[in-house]
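Text of the file structure_29.cif, holding mmCIF, C-alpha atoms:
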data_input
#
loop_
_atom_site.group_PDB
_atom_site.id
_atom_site.type_symbol
_atom_site.label_atom_id
_atom_site.label_comp_id
_atom_site.auth_asym_id
_atom_site.auth_seq_id
_atom_site.Cartn_x
_atom_site.Cartn_y
_atom_site.Cartn_z
ATOM 1 C CA MET I 124 0.000 0.000 0.000
ATOM 2 C CA ARG I 125 1.360 3.403 -1.008
ATOM 3 C CA ARG I 126 1.321 6.212 1.526
ATOM 4 C CA THR I 127 1.068 9.896 0.790
ATOM 5 C CA ILE I 128 2.061 12.891 2.862
ATOM 6 C CA ARG I 129 0.701 16.396 2.974
ATOM 7 C CA ARG I 130 2.668 19.634 2.917
ATOM 8 C CA GLN I 131 3.131 19.880 6.710
ATOM 9 C CA GLN I 132 4.571 16.356 6.887
ATOM 10 C CA LEU I 133 6.836 17.127 3.930
ATOM 11 C CA ARG I 134 8.137 20.251 5.721
ATOM 12 C CA GLU I 135 9.035 18.093 8.733
ATOM 13 C CA MET I 136 10.996 15.696 6.526
ATOM 14 C CA VAL I 137 12.582 18.149 4.088
ATOM 15 C CA PRO I 138 13.718 21.452 5.630
ATOM 16 C CA LEU I 139 13.474 23.487 2.433
ATOM 17 C CA ALA I 140 11.260 26.458 1.654
ATOM 18 C CA ASP I 141 8.069 25.813 -0.289
ATOM 19 C CA SER I 142 9.387 27.938 -3.151
ATOM 20 C CA THR I 143 12.610 25.891 -3.309
ATOM 21 C CA ILE I 144 10.668 22.630 -3.402
ATOM 22 C CA TYR I 145 8.398 24.022 -6.127
ATOM 23 C CA GLU I 146 11.369 25.145 -8.240
ATOM 24 C CA MET I 147 13.069 21.771 -7.800
ATOM 25 C CA GLU I 148 9.854 20.011 -8.855
ATOM 26 C CA GLN I 149 9.698 22.147 -11.992
ATOM 27 C CA ARG I 150 13.294 21.191 -12.866
ATOM 28 C CA GLY I 151 12.582 17.497 -12.212
ATOM 29 C CA GLU I 152 14.927 17.411 -9.190
ATOM 30 C CA PHE I 153 12.267 16.596 -6.582
ATOM 31 C CA PRO I 154 9.287 14.199 -6.529
ATOM 32 C CA GLN I 155 6.190 15.715 -8.116
ATOM 33 C CA ARG I 156 3.183 16.591 -5.987
ATOM 34 C CA PHE I 157 -0.251 15.530 -7.096
ATOM 35 C CA TYR I 158 -3.807 16.476 -6.211
ATOM 36 C CA LEU I 159 -6.139 14.135 -4.358
ATOM 37 C CA THR I 160 -8.879 16.739 -4.605
ATOM 38 C CA THR I 161 -8.991 20.281 -5.937
ATOM 39 C CA ARG I 162 -7.667 21.540 -2.576
ATOM 40 C CA CYS I 163 -5.539 18.669 -1.268
ATOM 41 C CA VAL I 164 -1.942 18.372 -2.504
ATOM 42 C CA VAL I 165 0.178 15.342 -1.520
ATOM 43 C CA TRP I 166 3.522 13.685 -2.271
ATOM 44 C CA ASP I 167 4.267 9.984 -2.485
ATOM 45 C CA LEU I 168 6.103 9.097 0.746
ATOM 46 C CA ALA I 169 8.241 6.390 -0.898
ATOM 47 C CA GLU I 170 9.401 8.842 -3.601
ATOM 48 C CA VAL I 171 10.343 11.488 -1.023
ATOM 49 C CA GLU I 172 12.229 8.930 1.093
ATOM 50 C CA ALA I 173 14.063 7.652 -1.996
ATOM 51 C CA TRP I 174 14.979 11.253 -2.903
ATOM 52 C CA LEU I 175 16.339 11.850 0.611
ATOM 53 C CA ASP I 176 18.363 8.614 0.480
ATOM 54 C CA ALA I 177 19.820 9.580 -2.895
ATOM 55 C CA ARG I 178 20.733 13.054 -1.603
ATOM 56 C CA ARG I 179 22.418 11.490 1.423
ATOM 57 C CA ARG I 180 24.430 9.081 -0.745
ATOM 58 C CA ASN I 181 25.426 11.846 -3.187
ATOM 59 C CA SER I 182 26.427 14.144 -0.345
ATOM 60 C CA ARG I 183 28.638 11.501 1.233
ATOM 61 C CA ALA I 184 30.205 10.725 -2.143
ATOM 62 C CA ASN I 185 30.894 14.461 -2.642
ATOM 63 C CA VAL I 186 28.727 14.532 -5.769
ATOM 64 C CA ILE I 187 26.771 17.465 -4.336
ATOM 65 C CA LYS I 188 29.128 20.378 -3.951
ATOM 66 C CA ARG I 189 28.659 23.158 -1.454
ATOM 67 C CA ALA I 190 28.139 26.677 -2.702
ATOM 68 C CA PRO I 191 31.380 28.660 -2.725
ATOM 69 C CA SER I 192 31.912 31.241 -0.004
ATOM 70 C CA PRO I 193 31.531 34.814 -1.203
ATOM 71 C CA ASP I 194 34.707 36.773 -1.876
ATOM 72 C CA VAL I 195 34.576 39.410 0.849
ATOM 73 C CA ARG I 196 37.192 41.491 -0.951
ATOM 74 C CA LEU I 197 34.608 42.270 -3.645
ATOM 75 C CA ARG I 198 32.059 43.782 -1.247
ATOM 76 C CA ARG I 199 31.150 47.411 -1.936
ATOM 77 C CA SER I 200 30.739 48.275 1.714
ATOM 78 C CA ARG I 201 33.367 47.232 4.232
ATOM 79 C CA PRO I 202 35.575 45.167 1.901
ATOM 80 C CA VAL I 203 38.157 42.999 3.639
ATOM 81 C CA LYS I 204 41.730 43.680 2.594
ATOM 82 C CA HIS I 205 44.466 41.166 3.208
#
Target format structure tokens, applied to this file:
Amino acid sequence: MRRTIRRQQLREMVPLADSTIYEMEQRGEFPQRFYLTTRCVVWDLAEVEAWLDARRRNSRANVIKRAPSPDVRLRRSRPVKH
């Protein structure tokens, strides 16, 4: 039997903003939501768990790179000089 989760449960599992999740869905990088009714949006729990597992594996394998730190020397206000 397949289980579904609603938005609040998804937020507890995936600590990303709603807009980030939506953008990732549009790019095909996150499981797609679907409508049970005209007002009830859900995600497939197994798909979300599989996505989390894949992210964990990719993070440990250094496939997912961290964003670079900003170059503070390029700031307009209070640039850091070395």
Interatomic distance (Å, one decimal) between atom CA of I:Val171 and atom CA of I:Gln155
9.2 Å
Between atom CA of I:Arg125 and atom CA of I:Glu146, what is the distance, to one decimal in Å?
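Interatomic distance here is 25.0 Å.
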Two-atom distance - atom CA of I:Val203, atom CA of I:Arg189 (Å):
22.6 Å
Selection dump of the PyMOL selection byres ((chain I and resi 158-162) around 12), as a list in words
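Going through the file, the PyMOL selection byres ((chain I and resi 158-162) around 12) ends up selecting Thr127, Ile128, Arg129, Arg130, Gln155, Arg156, Phe157, Cys163, Val164, Val165, Trp166 and Asp167 of chain I.
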Could you list, as a PDB file with C-alpha atoms, keeping the file's coordinate frame, every residue within 9 Å of stretch 172-178 of chain I, counting all atoms listed in the file and ignoring same-chain residues fewer than 6 positions away?
ATOM      1  CA  MET I 136      10.996  15.696   6.526  1.00  0.00           C
ATOM      2  CA  VAL I 137      12.582  18.149   4.088  1.00  0.00           C
ATOM      3  CA  GLU I 152      14.927  17.411  -9.190  1.00  0.00           C
ATOM      4  CA  PHE I 153      12.267  16.596  -6.582  1.00  0.00           C
ATOM      5  CA  PRO I 154       9.287  14.199  -6.529  1.00  0.00           C
ATOM      6  CA  ILE I 187      26.771  17.465  -4.336  1.00  0.00           C
TER       7      ILE I 187
END
Extending 6 Å beyond the listed atoms of stretch 136-148 of chain I on each side, what axis-aligned box results? I want centre and edge lengths in Å to one decimal, as lines of an AutoDock Vina configuration file.
center_x = 10.9
center_y = 21.8
center_z = -1.2
size_x = 17.6
size_y = 24.2
size_z = 27.4
Please return stretch 142-167 of chain I, rebuilt to N, CA, C and O atoms, as a compact mmCIF listing (two decimals), in the frame of the given file.
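Ended up saving to selection-v2.txt:
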# COMPACT_ATOMS: atom_id res chain seq x y z
N SER I 142 9.00 27.46 -1.83
CA SER I 142 9.39 27.94 -3.15
C SER I 142 10.56 27.13 -3.71
O SER I 142 10.61 26.86 -4.91
N THR I 143 11.48 26.71 -2.86
CA THR I 143 12.61 25.89 -3.31
C THR I 143 12.12 24.53 -3.77
O THR I 143 12.55 24.04 -4.82
N ILE I 144 11.22 23.93 -3.02
CA ILE I 144 10.67 22.63 -3.40
C ILE I 144 9.93 22.76 -4.73
O ILE I 144 10.10 21.92 -5.63
N TYR I 145 9.14 23.81 -4.89
CA TYR I 145 8.40 24.02 -6.13
C TYR I 145 9.35 24.16 -7.32
O TYR I 145 9.16 23.53 -8.36
N GLU I 146 10.40 24.97 -7.15
CA GLU I 146 11.37 25.14 -8.24
C GLU I 146 12.07 23.83 -8.58
O GLU I 146 12.29 23.52 -9.75
N MET I 147 12.41 23.05 -7.55
CA MET I 147 13.07 21.77 -7.80
C MET I 147 12.12 20.80 -8.51
O MET I 147 12.54 20.04 -9.38
N GLU I 148 10.85 20.83 -8.16
CA GLU I 148 9.85 20.01 -8.86
C GLU I 148 9.79 20.39 -10.34
O GLU I 148 9.73 19.51 -11.20
N GLN I 149 9.78 21.69 -10.61
CA GLN I 149 9.70 22.15 -11.99
C GLN I 149 10.90 21.72 -12.81
O GLN I 149 10.79 21.47 -14.01
N ARG I 150 12.07 21.63 -12.18
CA ARG I 150 13.29 21.19 -12.87
C ARG I 150 13.43 19.67 -12.89
O ARG I 150 14.39 19.15 -13.45
N GLY I 151 12.51 18.95 -12.25
CA GLY I 151 12.58 17.50 -12.21
C GLY I 151 13.58 16.97 -11.19
O GLY I 151 14.00 15.82 -11.27
N GLU I 152 13.94 17.79 -10.20
CA GLU I 152 14.93 17.41 -9.19
C GLU I 152 14.30 16.98 -7.87
O GLU I 152 15.01 16.67 -6.92
N PHE I 153 12.99 16.96 -7.80
CA PHE I 153 12.27 16.60 -6.58
C PHE I 153 10.99 15.86 -6.99
O PHE I 153 10.43 16.15 -8.04
N PRO I 154 10.53 14.91 -6.18
CA PRO I 154 9.29 14.20 -6.53
C PRO I 154 8.12 15.16 -6.75
O PRO I 154 7.96 16.15 -6.03
N GLN I 155 7.32 14.86 -7.75
CA GLN I 155 6.19 15.72 -8.12
C GLN I 155 5.02 15.52 -7.15
O GLN I 155 4.68 14.41 -6.78
N ARG I 156 4.42 16.63 -6.78
CA ARG I 156 3.18 16.59 -5.99
C ARG I 156 2.03 16.21 -6.90
O ARG I 156 2.13 16.32 -8.12
N PHE I 157 0.96 15.76 -6.31
CA PHE I 157 -0.25 15.53 -7.10
C PHE I 157 -1.46 15.84 -6.23
O PHE I 157 -1.38 15.92 -5.01
N TYR I 158 -2.59 16.06 -6.89
CA TYR I 158 -3.81 16.48 -6.21
C TYR I 158 -4.71 15.28 -5.96
O TYR I 158 -5.02 14.53 -6.87
N LEU I 159 -5.12 15.12 -4.68
CA LEU I 159 -6.14 14.14 -4.36
C LEU I 159 -7.52 14.71 -4.63
O LEU I 159 -8.41 14.04 -5.10
N THR I 160 -7.66 15.99 -4.30
CA THR I 160 -8.88 16.74 -4.61
C THR I 160 -8.42 18.10 -5.13
O THR I 160 -7.23 18.36 -5.22
N THR I 161 -9.36 18.96 -5.41
CA THR I 161 -8.99 20.28 -5.94
C THR I 161 -8.23 21.11 -4.92
O THR I 161 -7.54 22.06 -5.28
N ARG I 162 -8.32 20.75 -3.62
CA ARG I 162 -7.67 21.54 -2.58
C ARG I 162 -6.66 20.75 -1.74
O ARG I 162 -6.11 21.30 -0.80
N CYS I 163 -6.43 19.51 -2.07
CA CYS I 163 -5.54 18.67 -1.27
C CYS I 163 -4.36 18.19 -2.11
O CYS I 163 -4.53 17.36 -3.01
N VAL I 164 -3.16 18.72 -1.79
CA VAL I 164 -1.94 18.37 -2.50
C VAL I 164 -1.14 17.40 -1.64
O VAL I 164 -0.99 17.60 -0.44
N VAL I 165 -0.61 16.34 -2.26
CA VAL I 165 0.18 15.34 -1.52
C VAL I 165 1.40 14.92 -2.33
O VAL I 165 1.49 15.18 -3.54
N TRP I 166 2.34 14.28 -1.65
CA TRP I 166 3.52 13.68 -2.27
C TRP I 166 3.54 12.22 -1.90
O TRP I 166 3.06 11.83 -0.84
N ASP I 167 4.12 11.41 -2.76
CA ASP I 167 4.27 9.98 -2.48
C ASP I 167 5.40 9.83 -1.47
O ASP I 167 6.54 10.25 -1.73
